[in-house]
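Q: Next comes query_19.pdb, PDB, C-alpha atoms:
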```pdb
ATOM      1  CA  MET A 415     158.933 122.018  83.525
ATOM      2  CA  LEU A 416     161.714 123.848  85.381
ATOM      3  CA  ARG A 417     160.294 122.729  88.717
ATOM      4  CA  TYR A 418     160.209 119.131  87.467
ATOM      5  CA  LEU A 419     163.834 119.279  86.275
ATOM      6  CA  LEU A 420     164.972 120.716  89.603
ATOM      7  CA  TYR A 421     163.084 117.988  91.448
ATOM      8  CA  LEU A 422     164.636 115.309  89.220
ATOM      9  CA  ALA A 423     168.115 116.724  89.809
ATOM     10  CA  LEU A 424     167.514 116.667  93.566
ATOM     11  CA  ILE A 425     166.384 113.043  93.511
ATOM     12  CA  LEU A 426     169.348 111.945  91.401
ATOM     13  CA  SER A 427     171.800 113.771  93.643
ATOM     14  CA  GLN A 428     170.634 111.943  96.748
ATOM     15  CA  ALA A 429     172.451 108.771  97.734
ATOM     16  CA  PRO A 430     170.184 105.766  97.058
ATOM     17  CA  PRO A 431     169.491 103.258  99.858
ATOM     18  CA  ASN A 432     172.085 100.495 100.026
ATOM     19  CA  CYS A 433     170.586  97.313  98.614
ATOM     20  CA  GLY A 434     173.590  95.226  99.627
ATOM     21  CA  CYS A 435     173.351  93.529  96.248
ATOM     22  CA  GLU A 436     176.098  95.087  94.116
ATOM     23  CA  GLN A 437     178.882  92.823  92.899
ATOM     24  CA  LYS A 438     182.081  93.143  94.908
ATOM     25  CA  PRO A 439     184.404  94.791  94.356
ATOM     26  CA  GLU A 440     182.258  97.541  92.849
ATOM     27  CA  ILE A 441     183.736  98.943  89.649
ATOM     28  CA  ASN A 442     182.993 102.529  88.624
ATOM     29  CA  VAL A 443     184.927 102.549  85.327
ATOM     30  CA  LEU A 444     183.083 100.064  83.124
ATOM     31  CA  ALA A 445     185.218 100.372  79.994
ATOM     32  CA  VAL A 446     188.068 102.288  78.366
ATOM     33  CA  VAL A 447     187.828 103.002  74.638
ATOM     34  CA  ASN A 448     191.058 104.246  73.023
ATOM     35  CA  GLY A 449     191.942 105.885  76.316
ATOM     36  CA  VAL A 450     188.477 107.352  76.956
ATOM     37  CA  LYS A 451     186.793 106.097  80.125
ATOM     38  CA  ILE A 452     183.115 105.145  80.355
ATOM     39  CA  ALA A 453     181.982 105.228  83.983
ATOM     40  CA  ARG A 454     178.855 103.905  85.613
ATOM     41  CA  LYS A 455     177.538 107.455  85.931
ATOM     42  CA  ASP A 456     177.794 107.825  82.146
ATOM     43  CA  LEU A 457     175.083 105.241  81.553
ATOM     44  CA  SER A 458     171.705 106.585  80.505
ATOM     45  CA  ILE A 459     169.258 107.923  83.079
ATOM     46  CA  ASP A 460     166.775 105.320  81.870
ATOM     47  CA  VAL A 461     169.182 102.451  82.619
ATOM     48  CA  GLN A 462     170.160 103.927  85.977
ATOM     49  CA  THR A 463     166.464 104.152  86.855
ATOM     50  CA  GLN A 464     165.812 100.557  85.809
ATOM     51  CA  VAL A 465     168.809  99.410  87.868
ATOM     52  CA  SER A 466     167.489 101.305  90.868
ATOM     53  CA  ILE A 467     164.040  99.748  90.471
ATOM     54  CA  ALA A 468     165.533  96.248  90.245
ATOM     55  CA  GLN A 469     167.708  96.790  93.312
ATOM     56  CA  ASP A 470     164.776  98.258  95.246
ATOM     57  CA  THR A 471     163.146  94.820  95.128
ATOM     58  CA  VAL A 472     165.945  93.534  97.364
ATOM     59  CA  ILE A 473     165.482  96.435  99.794
ATOM     60  CA  VAL A 474     161.750  95.732 100.006
ATOM     61  CA  ALA A 475     162.308  91.989 100.378
ATOM     62  CA  ARG A 476     164.845  92.530 103.168
ATOM     63  CA  SER A 477     162.336  94.569 105.156
ATOM     64  CA  ARG A 478     159.786  91.754 104.856
ATOM     65  CA  GLN A 479     162.140  88.856 105.351
ATOM     66  CA  LEU A 480     162.191  89.087 109.148
ATOM     67  CA  GLU A 481     158.437  88.493 109.315
ATOM     68  CA  LEU A 482     158.787  85.524 106.982
ATOM     69  CA  LYS A 483     161.624  84.056 109.068
ATOM     70  CA  ILE A 484     159.532  84.420 112.231
ATOM     71  CA  ASN A 485     156.655  82.582 110.545
ATOM     72  CA  ASP A 486     159.017  79.855 109.317
ATOM     73  CA  LEU A 487     160.349  79.220 112.836
ATOM     74  CA  LEU A 488     156.846  79.078 114.286
ATOM     75  CA  LEU A 489     155.681  76.736 111.541
ATOM     76  CA  GLU A 490     158.654  74.408 112.029
ATOM     77  CA  ALA A 491     158.135  74.348 115.812
ATOM     78  CA  GLU A 492     154.409  73.583 115.467
ATOM     79  CA  ALA A 493     155.061  70.848 112.917
ATOM     80  CA  LYS A 494     157.638  69.285 115.254
ATOM     81  CA  ARG A 495     155.222  69.470 118.188
ATOM     82  CA  ARG A 496     152.585  67.596 116.204
ATOM     83  CA  GLY A 497     155.041  65.130 114.689
ATOM     84  CA  LEU A 498     154.346  66.341 111.173
ATOM     85  CA  THR A 499     156.285  67.779 108.270
ATOM     86  CA  THR A 500     155.762  71.477 107.555
ATOM     87  CA  ALA A 501     154.214  70.528 104.200
ATOM     88  CA  LYS A 502     151.671  68.261 105.931
ATOM     89  CA  LEU A 503     150.907  70.921 108.528
ATOM     90  CA  LEU A 504     150.235  73.488 105.806
ATOM     91  CA  GLU A 505     148.013  71.008 104.012
ATOM     92  CA  LEU A 506     145.959  70.446 107.172
ATOM     93  CA  GLU A 507     145.748  74.034 108.398
ATOM     94  CA  VAL A 508     145.757  76.013 105.154
ATOM     95  CA  ILE A 509     145.073  74.125 101.945
ATOM     96  CA  SER A 510     142.322  71.846 103.281
ATOM     97  CA  LYS A 511     140.510  74.740 104.971
ATOM     98  CA  VAL A 512     140.237  76.901 101.875
ATOM     99  CA  ILE A 513     136.895  76.828 100.087
ATOM    100  CA  PRO A 514     137.600  76.526  96.341
ATOM    101  CA  PRO A 515     136.199  79.403  94.259
ATOM    102  CA  THR A 516     133.258  78.533  92.046
ATOM    103  CA  GLU A 517     132.886  79.208  88.351
ATOM    104  CA  ALA A 518     130.124  81.695  89.191
ATOM    105  CA  GLU A 519     132.523  83.633  91.439
ATOM    106  CA  ALA A 520     135.141  83.597  88.707
ATOM    107  CA  LYS A 521     132.547  84.817  86.205
ATOM    108  CA  ALA A 522     131.577  87.692  88.523
ATOM    109  CA  PHE A 523     135.257  88.603  88.951
ATOM    110  CA  TYR A 524     135.702  88.563  85.167
ATOM    111  CA  GLU A 525     132.687  90.783  84.561
ATOM    112  CA  GLU A 526     133.946  93.361  87.062
ATOM    113  CA  GLY A 527     136.921  93.980  84.803
ATOM    114  CA  LYS A 528     136.978  96.201  81.736
ATOM    115  CA  ASN A 529     138.446  96.110  78.230
ATOM    116  CA  HIS A 530     138.578  92.310  78.025
ATOM    117  CA  THR A 531     140.891  91.021  75.304
ATOM    118  CA  GLN A 532     139.990  87.353  75.933
ATOM    119  CA  SER A 533     136.745  85.494  76.484
ATOM    120  CA  PHE A 534     135.830  84.229  79.951
ATOM    121  CA  ASN A 535     136.493  80.632  78.903
ATOM    122  CA  GLY A 536     139.964  81.668  77.763
ATOM    123  CA  VAL A 537     140.921  83.046  81.175
ATOM    124  CA  LYS A 538     138.642  81.051  83.497
ATOM    125  CA  SER A 539     141.319  78.662  84.745
ATOM    126  CA  LYS A 540     143.709  81.545  85.388
ATOM    127  CA  ILE A 541     141.083  83.470  87.374
ATOM    128  CA  LEU A 542     140.174  80.395  89.429
ATOM    129  CA  ALA A 543     143.861  79.773  90.200
ATOM    130  CA  GLN A 544     144.364  83.415  91.202
ATOM    131  CA  MET A 545     141.319  83.394  93.487
ATOM    132  CA  ARG A 546     142.428  80.119  95.065
ATOM    133  CA  ALA A 547     145.922  81.505  95.678
ATOM    134  CA  GLU A 548     144.512  84.640  97.295
ATOM    135  CA  ARG A 549     142.336  82.576  99.636
ATOM    136  CA  GLU A 550     145.244  80.325 100.572
ATOM    137  CA  ALA A 551     147.401  83.375 101.310
ATOM    138  CA  ALA A 552     144.671  84.838 103.529
ATOM    139  CA  ARG A 553     144.276  81.555 105.421
ATOM    140  CA  ALA A 554     148.075  81.259 105.785
ATOM    141  CA  ARG A 555     148.201  84.731 107.379
ATOM    142  CA  GLU A 556     145.378  83.757 109.717
ATOM    143  CA  PHE A 557     147.199  80.565 110.763
ATOM    144  CA  ALA A 558     150.482  82.442 111.226
ATOM    145  CA  ASN A 559     148.753  84.963 113.480
ATOM    146  CA  SER A 560     147.339  82.135 115.593
ATOM    147  CA  LEU A 561     150.832  80.692 116.042
ATOM    148  CA  ARG A 562     152.214  84.102 116.973
ATOM    149  CA  ALA A 563     149.551  84.570 119.630
ATOM    150  CA  GLY A 564     150.995  81.696 121.640
ATOM    151  CA  ALA A 565     154.679  82.415 121.052
ATOM    152  CA  LYS A 566     157.327  84.504 122.767
ATOM    153  CA  ILE A 567     158.610  86.908 120.134
ATOM    154  CA  ALA A 568     161.021  89.755 120.775
ATOM    155  CA  VAL A 569     161.896  92.006 117.839
ATOM    156  CA  ALA A 570     164.911  94.326 118.027
ATOM    157  CA  ASN A 571     164.221  98.018 117.563
ATOM    158  CA  GLN A 572     166.670  98.552 114.712
ATOM    159  CA  PRO A 573     166.376  98.797 110.933
ATOM    160  CA  ILE A 574     167.112  95.689 108.905
ATOM    161  CA  THR A 575     170.041  96.875 106.824
ATOM    162  CA  PRO A 576     172.534  94.876 104.751
ATOM    163  CA  PRO A 577     175.718  93.839 106.586
ATOM    164  CA  THR A 578     178.883  95.793 105.880
ATOM    165  CA  SER A 579     181.239  93.538 107.867
ATOM    166  CA  GLU A 580     181.462  90.002 109.205
ATOM    167  CA  ALA A 581     180.496  91.317 112.633
ATOM    168  CA  ASP A 582     177.257  92.689 111.166
ATOM    169  CA  LEU A 583     176.218  89.182 110.157
ATOM    170  CA  ALA A 584     175.802  88.323 113.855
ATOM    171  CA  ARG A 585     173.286  91.108 114.532
ATOM    172  CA  VAL A 586     170.139  89.710 116.174
ATOM    173  CA  PHE A 587     166.937  91.138 114.734
ATOM    174  CA  ALA A 588     164.475  88.906 116.610
ATOM    175  CA  ASN A 589     164.170  86.045 119.065
ATOM    176  CA  VAL A 590     161.394  83.484 118.658
ATOM    177  CA  ASN A 591     160.864  81.143 121.609
ATOM    178  CA  GLY A 592     164.564  81.382 122.440
ATOM    179  CA  VAL A 593     165.833  81.081 118.851
ATOM    180  CA  ASN A 594     167.674  84.064 117.368
ATOM    181  CA  ILE A 595     167.098  85.363 113.852
ATOM    182  CA  THR A 596     170.291  87.049 112.720
ATOM    183  CA  SER A 597     171.362  89.192 109.831
ATOM    184  CA  SER A 598     173.107  86.115 108.445
ATOM    185  CA  ASP A 599     169.800  84.200 108.426
ATOM    186  CA  ILE A 600     168.052  86.980 106.525
ATOM    187  CA  GLU A 601     170.825  87.560 104.010
ATOM    188  CA  THR A 602     171.229  83.834 103.337
ATOM    189  CA  SER A 603     167.565  83.582 102.389
ATOM    190  CA  LEU A 604     167.975  86.588 100.066
ATOM    191  CA  LEU A 605     170.978  85.225  98.134
ATOM    192  CA  PRO A 606     168.943  83.687  95.257
ATOM    193  CA  MET A 607     167.039  86.967  94.775
ATOM    194  CA  ILE A 608     170.248  89.006  94.994
ATOM    195  CA  PHE A 609     171.872  86.867  92.306
ATOM    196  CA  GLN A 610     168.815  87.240  90.074
ATOM    197  CA  VAL A 611     168.906  91.022  90.513
ATOM    198  CA  GLN A 612     172.655  91.088  89.825
ATOM    199  CA  GLN A 613     172.049  89.256  86.544
ATOM    200  CA  GLN A 614     169.290  91.696  85.615
ATOM    201  CA  VAL A 615     171.448  94.703  86.472
ATOM    202  CA  TYR A 616     174.385  93.276  84.511
ATOM    203  CA  ALA A 617     172.185  92.814  81.418
ATOM    204  CA  LEU A 618     170.876  96.388  81.675
ATOM    205  CA  ARG A 619     174.340  97.893  82.086
ATOM    206  CA  LYS A 620     175.967  95.733  79.430
ATOM    207  CA  ARG A 621     173.366  96.610  76.810
ATOM    208  CA  ASP A 622     173.780 100.326  77.415
ATOM    209  CA  LEU A 623     177.569 100.059  77.720
ATOM    210  CA  ASP A 624     177.826  98.279  74.362
ATOM    211  CA  LEU A 625     175.794 101.054  72.736
ATOM    212  CA  ARG A 626     178.007 103.716  74.292
ATOM    213  CA  ILE A 627     181.181 101.944  73.190
ATOM    214  CA  ASN A 628     179.848 101.709  69.644
ATOM    215  CA  ASP A 629     178.789 105.351  69.622
ATOM    216  CA  LEU A 630     182.171 106.461  70.921
ATOM    217  CA  LEU A 631     184.036 104.361  68.350
ATOM    218  CA  LEU A 632     181.856 105.812  65.598
ATOM    219  CA  GLU A 633     182.522 109.375  66.774
ATOM    220  CA  GLN A 634     186.270 108.724  67.004
ATOM    221  CA  GLU A 635     186.370 107.149  63.538
ATOM    222  CA  ALA A 636     184.411 110.038  62.039
ATOM    223  CA  GLN A 637     186.794 112.528  63.648
ATOM    224  CA  ARG A 638     189.802 110.596  62.335
ATOM    225  CA  LEU A 639     188.454 110.612  58.777
ATOM    226  CA  GLY A 640     187.131 114.155  58.893
ATOM    227  CA  ALA A 641     183.594 112.945  58.307
ATOM    228  CA  THR A 642     180.354 112.768  60.308
ATOM    229  CA  PRO A 643     178.960 109.671  62.049
ATOM    230  CA  GLN A 644     175.967 109.708  59.692
ATOM    231  CA  VAL A 645     178.220 109.629  56.625
ATOM    232  CA  LEU A 646     179.957 106.529  57.997
ATOM    233  CA  ILE A 647     176.622 104.882  58.830
ATOM    234  CA  ASP A 648     175.394 105.533  55.293
ATOM    235  CA  GLN A 649     178.622 104.164  53.834
ATOM    236  CA  HIS A 650     179.147 101.079  56.023
ATOM    237  CA  VAL A 651     175.616 100.206  57.147
ATOM    238  CA  ASN A 652     172.789 101.628  55.043
ATOM    239  CA  SER A 653     174.531 100.865  51.760
ATOM    240  CA  LYS A 654     174.957  97.217  52.839
ATOM    241  CA  VAL A 655     171.262  96.605  53.519
ATOM    242  CA  PRO A 656     169.752  94.424  50.759
ATOM    243  CA  ILE A 657     166.351  95.108  49.210
ATOM    244  CA  ILE A 658     163.629  92.955  50.746
ATOM    245  CA  ASN A 659     161.069  91.664  48.267
ATOM    246  CA  GLU A 660     157.579  90.274  48.687
ATOM    247  CA  GLU A 661     158.795  86.690  48.320
ATOM    248  CA  GLN A 662     161.071  87.040  51.363
ATOM    249  CA  ALA A 663     158.262  88.625  53.367
ATOM    250  CA  ARG A 664     155.908  85.798  52.397
ATOM    251  CA  ALA A 665     158.472  83.179  53.454
ATOM    252  CA  TYR A 666     158.776  84.845  56.849
ATOM    253  CA  TYR A 667     154.981  85.021  57.085
ATOM    254  CA  LYS A 668     154.614  81.294  56.419
ATOM    255  CA  ALA A 669     157.196  80.467  59.078
ATOM    256  CA  ASN A 670     155.453  82.650  61.659
ATOM    257  CA  LYS A 671     151.823  82.469  60.551
ATOM    258  CA  ALA A 672     150.521  81.100  63.858
ATOM    259  CA  GLN A 673     151.980  83.984  65.867
ATOM    260  CA  LEU A 674     150.927  86.667  63.377
ATOM    261  CA  ASN A 675     147.340  85.387  63.166
ATOM    262  CA  ARG A 676     146.512  87.814  60.317
ATOM    263  CA  ASP A 677     146.268  87.672  56.531
ATOM    264  CA  PHE A 678     149.506  88.228  54.628
ATOM    265  CA  SER A 679     148.058  91.235  52.789
ATOM    266  CA  ASP A 680     147.431  92.936  56.141
ATOM    267  CA  VAL A 681     150.999  92.554  57.370
ATOM    268  CA  LYS A 682     153.077  92.502  54.162
ATOM    269  CA  LEU A 683     154.443  96.046  54.422
ATOM    270  CA  MET A 684     155.083  95.672  58.141
ATOM    271  CA  LEU A 685     157.012  92.428  57.571
ATOM    272  CA  MET A 686     159.085  93.925  54.776
ATOM    273  CA  GLN A 687     160.032  96.857  57.002
ATOM    274  CA  TYR A 688     160.818  94.477  59.852
ATOM    275  CA  LEU A 689     163.122  92.390  57.649
ATOM    276  CA  VAL A 690     164.855  95.555  56.424
ATOM    277  CA  GLU A 691     165.481  96.584  60.030
ATOM    278  CA  GLN A 692     166.869  93.128  60.783
ATOM    279  CA  GLU A 693     169.340  93.397  57.897
ATOM    280  CA  LYS A 694     170.265  96.910  58.970
ATOM    281  CA  GLN A 695     170.955  95.662  62.482
ATOM    282  CA  LYS A 696     173.192  92.896  61.132
ATOM    283  CA  ALA A 697     175.190  95.432  59.113
ATOM    284  CA  LEU A 698     175.433  97.750  62.112
ATOM    285  CA  VAL A 699     176.722  94.932  64.333
ATOM    286  CA  ALA A 700     179.273  93.922  61.706
ATOM    287  CA  TYR A 701     180.564  97.494  61.399
ATOM    288  CA  ALA A 702     180.721  97.895  65.174
ATOM    289  CA  GLU A 703     182.729  94.674  65.470
ATOM    290  CA  LYS A 704     185.117  95.904  62.778
ATOM    291  CA  LEU A 705     185.698  99.182  64.654
ATOM    292  CA  ARG A 706     186.283  97.276  67.900
ATOM    293  CA  LYS A 707     188.887  95.023  66.325
ATOM    294  CA  GLU A 708     190.764  98.070  65.061
ATOM    295  CA  SER A 709     190.637  99.845  68.443
ATOM    296  CA  ALA A 710     191.870  99.443  72.004
ATOM    297  CA  VAL A 711     188.762  98.511  73.985
ATOM    298  CA  GLN A 712     188.937  97.212  77.540
ATOM    299  CA  VAL A 713     185.672  96.201  79.227
ATOM    300  CA  TYR A 714     185.704  95.812  83.018
ATOM    301  CA  LEU A 715     182.025  95.029  83.503
ATOM    302  CA  THR A 716     181.870  91.317  84.356
ATOM    303  CA  GLU A 717     179.014  88.847  84.439
ATOM    304  CA  PRO A 718     177.993  87.997  88.012
ATOM    305  CA  LYS A 719     178.488  84.622  89.670
ATOM    306  CA  PRO A 720     176.319  83.285  92.520
ATOM    307  CA  PRO A 721     177.344  85.457  95.504
ATOM    308  CA  THR A 722     178.163  84.456  99.064
ATOM    309  CA  LEU A 723     177.545  86.451 102.240
ATOM    310  CA  ARG A 724     181.254  87.125 102.753
ATOM    311  CA  GLN A 725     181.589  88.469  99.217
ATOM    312  CA  LEU A 726     178.601  90.774  99.535
ATOM    313  CA  CYS A 727     179.333  92.221 102.944
ATOM    314  CA  CYS A 728     183.078  92.011 103.256
ATOM    315  CA  ASN A 729     184.601  91.537  99.797
ATOM    316  CA  LEU A 730     186.157  88.278 101.016
ATOM    317  CA  VAL A 731     186.568  85.003  99.135
ATOM    318  CA  ASP A 732     185.193  81.906 100.863
TER
END
```
Written as structure tokens, how would this file's structure read?

A:
Amino acid sequence: MLRYLLYLALILSQAPPNCGCEQKPEINVLAVVNGVKIARKDLSIDVQTQVSIAQDTVIVARSRQLELKINDLLLEAEAKRRGLTTAKLLELEVISKVIPPTEAEAKAFYEEGKNHTQSFNGVKSKILAQMRAEREAARAREFANSLRAGAKIAVANQPITPPTSEADLARVFANVNGVNITSSDIETSLLPMIFQVQQQVYALRKRDLDLRINDLLLEQEAQRLGATPQVLIDQHVNSKVPIINEEQARAYYKANKAQLNRDFSDVKLMLMQYLVEQEKQKALVAYAEKLRKESAVQVYLTEPKPPTLRQLCCNLVD
């Protein structure tokens, strides 16, 4: 256990790779609650890990994007040479050359799996679609390789890192038949993914930040009144939770019978407990809102907007 904790501390102390996907300007202090700061580093290890995992998808995508851009240029050039659209070229060279999987092949794939929760008929169409997609992807790679064999491709011997200045946007990572692929080309193609990751990261941080603000307000209120947080929770939350009866549970069951897919007698106690927890959550939210209104709370974490290259690399407004 000690070795594991030391290893974890070492990993956390190392600077993570730059994903180039944080909102600009980056804000370290996320909120101030009655003069007490809550910084990004104060968020839970679990949230920090989830943020890192989300941002790693951009790092991985950036490393692959150059290959995709090379393939795109080759595809566009070949389509132009033949007087076709890229969609028509893909139809001729990829889609039409893929042999559709048979039901027997799908059945064999299904039977290779274990712990089935659905019948073959229930997942047959999904398996067939997956097998078809895999075959199309394999044929697309084969066609891309054939295009590369007849092309002049020069790839720069440098890592594909996010730009940190406007000058970095002009870095040339490859040249395909005389056409440069720059950092700007790669980052532009990543903007939709970066925005999606920013939204995911914002949601993760906001959820944890709200919990920390509420916890801090509760601790401060308990200290002010000379009580404990649990005493206040019992007084302002638990005492407000109404008793849930069987009639209320049955009404919920009828409204959600299709999703539950079980007899009422089998889920009655579970539903009653669930409804109690819902009421408890409502009371907890109401008490948290009351404490916020009576306190000085400034939140600096802001919801992201679709980013531009200049904002991400240079903190400039277009």

Q: As a check of understanding, name the residues that the PyMOL selection byres ((chain A and resi 702) around 10) selects in the supplied structure, as a ChimeraX atom specification.

A: /A:624-625,627-629,631-632,650-651,696-701,703-707

Q: Of the candidates A:Asp677, A:Ala672, A:Arg562, A:Asn652, which one gets nearest to Gln695 (chain A) if we count only C-alpha atoms?

A: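 Of all the options, A:Asn652 lies closest to Gln695 (chain A).
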
Q: Could you tell me which residues the PyMOL selection byres ((chain A and resi 490) around 12) returns for this structure, as a list in words?

A: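 Output from the PyMOL selection byres ((chain A and resi 490) around 12), applied to this file: Lys483, Ile484, Asn485, Asp486, Leu487, Leu488, Leu489, Ala491, Glu492, Ala493, Lys494, Arg495, Arg496, Gly497, Leu498, Thr499, Thr500, Ala501, Lys502, Leu503, Leu504, Ala558, Leu561, Val590, Asn591 and Val593 of chain A.
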
Q: Could you list, as JSON, numbers by chain, every residue matched by the PyMOL selection byres ((chain A and resi 574-583) around 9) in this structure?

A: {"A": [432, 433, 434, 435, 473, 476, 477, 480, 572, 573, 584, 585, 586, 587, 596, 597, 598, 599, 601, 723, 724, 726, 727, 728, 729]}

Q: I need the residues from that last selection saved to file as an mmCIF file, keeping the file's coordinate frame (with C-alpha atoms), if you can.

A:
```cif
data_model
loop_
_atom_site.group_PDB
_atom_site.id
_atom_site.type_symbol
_atom_site.label_atom_id
_atom_site.label_comp_id
_atom_site.auth_asym_id
_atom_site.auth_seq_id
_atom_site.Cartn_x
_atom_site.Cartn_y
_atom_site.Cartn_z
ATOM 1 C CA ASN A 432 172.085 100.495 100.026
ATOM 2 C CA CYS A 433 170.586 97.313 98.614
ATOM 3 C CA GLY A 434 173.590 95.226 99.627
ATOM 4 C CA CYS A 435 173.351 93.529 96.248
ATOM 5 C CA ILE A 473 165.482 96.435 99.794
ATOM 6 C CA ARG A 476 164.845 92.530 103.168
ATOM 7 C CA SER A 477 162.336 94.569 105.156
ATOM 8 C CA LEU A 480 162.191 89.087 109.148
ATOM 9 C CA GLN A 572 166.670 98.552 114.712
ATOM 10 C CA PRO A 573 166.376 98.797 110.933
ATOM 11 C CA ALA A 584 175.802 88.323 113.855
ATOM 12 C CA ARG A 585 173.286 91.108 114.532
ATOM 13 C CA VAL A 586 170.139 89.710 116.174
ATOM 14 C CA PHE A 587 166.937 91.138 114.734
ATOM 15 C CA THR A 596 170.291 87.049 112.720
ATOM 16 C CA SER A 597 171.362 89.192 109.831
ATOM 17 C CA SER A 598 173.107 86.115 108.445
ATOM 18 C CA ASP A 599 169.800 84.200 108.426
ATOM 19 C CA GLU A 601 170.825 87.560 104.010
ATOM 20 C CA LEU A 723 177.545 86.451 102.240
ATOM 21 C CA ARG A 724 181.254 87.125 102.753
ATOM 22 C CA LEU A 726 178.601 90.774 99.535
ATOM 23 C CA CYS A 727 179.333 92.221 102.944
ATOM 24 C CA CYS A 728 183.078 92.011 103.256
ATOM 25 C CA ASN A 729 184.601 91.537 99.797
#
```

Q: Hey, can you check how far CA of Tyr616 (chain A) sits from CA of Val450 (chain A)?

A: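 These two atoms are separated by 21.3 Å.
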
Q: Set up a box along x, y and z of the file covering all listed atoms of region 508-512 of chain A, add 6 Å on every one of the six sides, and write the centre and edge lengths in Å to one decimal, as lines of an AutoDock Vina configuration file.

A:
```
center_x = 143.0
center_y = 74.4
center_z = 103.5
size_x = 17.5
size_y = 17.1
size_z = 15.3
```

Q: May I ask which of the residues A:Gln437, A:Thr716, A:Ser603, A:Gln687 is the closest one to Ile657 (chain A), counting all atoms listed in the file?

A: A:Gln687

Q: Counting all atoms listed in the file, figure out which residue out of A:Met684, A:Val465, A:Glu550, A:Tyr524 gets nearest to Leu506 (chain A).

A: A:Glu550

Q: In Å, how far is it from CA of Ala565 (chain A) to CA of Asn589 (chain A)?

A: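 Pair CA of Ala565 (chain A) / CA of Asn589 (chain A) returns 10.4 Å.
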
Q: Counting only C-alpha atoms, figure out which residue out of A:Val611, A:Ala522, A:Val711, A:Gln725 gets nearest to Asp470 (chain A).

A: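 Looking at the shortest contact to Asp470 (chain A), the residue is A:Val611.
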
Q: Take region 536-549 of chain A, bring it up to N, CA and C atoms, and give me the output as an mmCIF file, in the frame of the given file.

A:
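Result saved to part_14.cif:
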```cif
data_model
loop_
_atom_site.group_PDB
_atom_site.id
_atom_site.type_symbol
_atom_site.label_atom_id
_atom_site.label_comp_id
_atom_site.auth_asym_id
_atom_site.auth_seq_id
_atom_site.Cartn_x
_atom_site.Cartn_y
_atom_site.Cartn_z
ATOM 1 N N GLY A 536 138.520 81.628 78.011
ATOM 2 C CA GLY A 536 139.964 81.668 77.763
ATOM 3 C C GLY A 536 140.795 81.983 78.992
ATOM 4 N N VAL A 537 140.172 82.649 79.974
ATOM 5 C CA VAL A 537 140.921 83.046 81.175
ATOM 6 C C VAL A 537 140.350 82.440 82.453
ATOM 7 N N LYS A 538 139.324 81.603 82.315
ATOM 8 C CA LYS A 538 138.642 81.051 83.497
ATOM 9 C C LYS A 538 139.601 80.329 84.442
ATOM 10 N N SER A 539 140.412 79.437 83.885
ATOM 11 C CA SER A 539 141.319 78.662 84.745
ATOM 12 C C SER A 539 142.316 79.565 85.455
ATOM 13 N N LYS A 540 142.769 80.610 84.782
ATOM 14 C CA LYS A 540 143.709 81.545 85.388
ATOM 15 C C LYS A 540 143.051 82.317 86.531
ATOM 16 N N ILE A 541 141.799 82.746 86.332
ATOM 17 C CA ILE A 541 141.083 83.470 87.374
ATOM 18 C C ILE A 541 140.840 82.576 88.582
ATOM 19 N N LEU A 542 140.419 81.329 88.337
ATOM 20 C CA LEU A 542 140.174 80.395 89.429
ATOM 21 C C LEU A 542 141.452 80.148 90.233
ATOM 22 N N ALA A 543 142.580 80.003 89.518
ATOM 23 C CA ALA A 543 143.861 79.773 90.200
ATOM 24 C C ALA A 543 144.258 80.990 91.030
ATOM 25 N N GLN A 544 144.035 82.187 90.480
ATOM 26 C CA GLN A 544 144.364 83.415 91.202
ATOM 27 C C GLN A 544 143.509 83.556 92.456
ATOM 28 N N MET A 545 142.212 83.289 92.341
ATOM 29 C CA MET A 545 141.319 83.394 93.487
ATOM 30 C C MET A 545 141.674 82.369 94.555
ATOM 31 N N ARG A 546 142.023 81.163 94.130
ATOM 32 C CA ARG A 546 142.428 80.119 95.065
ATOM 33 C C ARG A 546 143.698 80.531 95.808
ATOM 34 N N ALA A 547 144.659 81.073 95.065
ATOM 35 C CA ALA A 547 145.922 81.505 95.678
ATOM 36 C C ALA A 547 145.690 82.613 96.696
ATOM 37 N N GLU A 548 144.812 83.546 96.368
ATOM 38 C CA GLU A 548 144.512 84.640 97.295
ATOM 39 C C GLU A 548 143.869 84.122 98.578
ATOM 40 N N ARG A 549 142.992 83.147 98.458
ATOM 41 C CA ARG A 549 142.336 82.576 99.636
ATOM 42 C C ARG A 549 143.335 81.781 100.484
#
```
